[in-house]
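Just below is one structure, and these are the notes that go with it.
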Amino acid sequence: MNTWIAIGATALGCYAVKLAGLLVPADAMRRPFVRRLAALLPVALLAALTAQQAFADGRALVLDARAAGLGAAALALILRAPFLLVVAAAVLVTAGVRAISG
């Protein structure tokens with residue numbers, strides 16, 4: 001039953017956040033600081049999620065094949081590779097490191 005309570009609380013929380021966003025006055029969104037914050041916040045959240053998925057295992061920080069794949073993707077982005085090549089590089093490096101490390 002605790003799982004359903006958590007699911008219900010999460011659903012209500014998501015709805016509340018969406019409702020709060022709709023209730024923000026239009027004048028507030030015209031301010032330069034708010035516009036800049038609204039543009040940068042999704043990027044920061046995505047970066048945090050990527051870091052958490054790449055470097056965390058439960059409650060411990062780890063460096064494993066996922067970190068190598070992320071590094072390969074970053075290198076491909078620096079070299080301005082197309083998106084599919086970036087994803088392919090990350091997948092191949094991650095799979096290669098996992099195969100080597102057993």
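For the structure tokens, the naming scheme is as follows: chains receive sequential letters (A, B, ...) according to their order of presentation, residues are indexed from 1 within each chain, and ligands are indexed from 1 in presentation order.
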If you run DSSP over the backbone, which residues in chain A end up alpha helix (DSSP H)? Put them as a PyMOL selection string. chain A and resi 2-22+26-29+32-55+65-78+83-101
Shell around stretch 68-78 of chain A at 10 Å using only C-alpha atoms, local window under 2 positions removed, as a PyMOL selection string: chain A and resi 50-51+54-55+63-66+80-83+85-98
I need the residues in chain A that are strand (DSSP E) according to DSSP; give them as a ChimeraX atom specification. /A:56-57,60-61
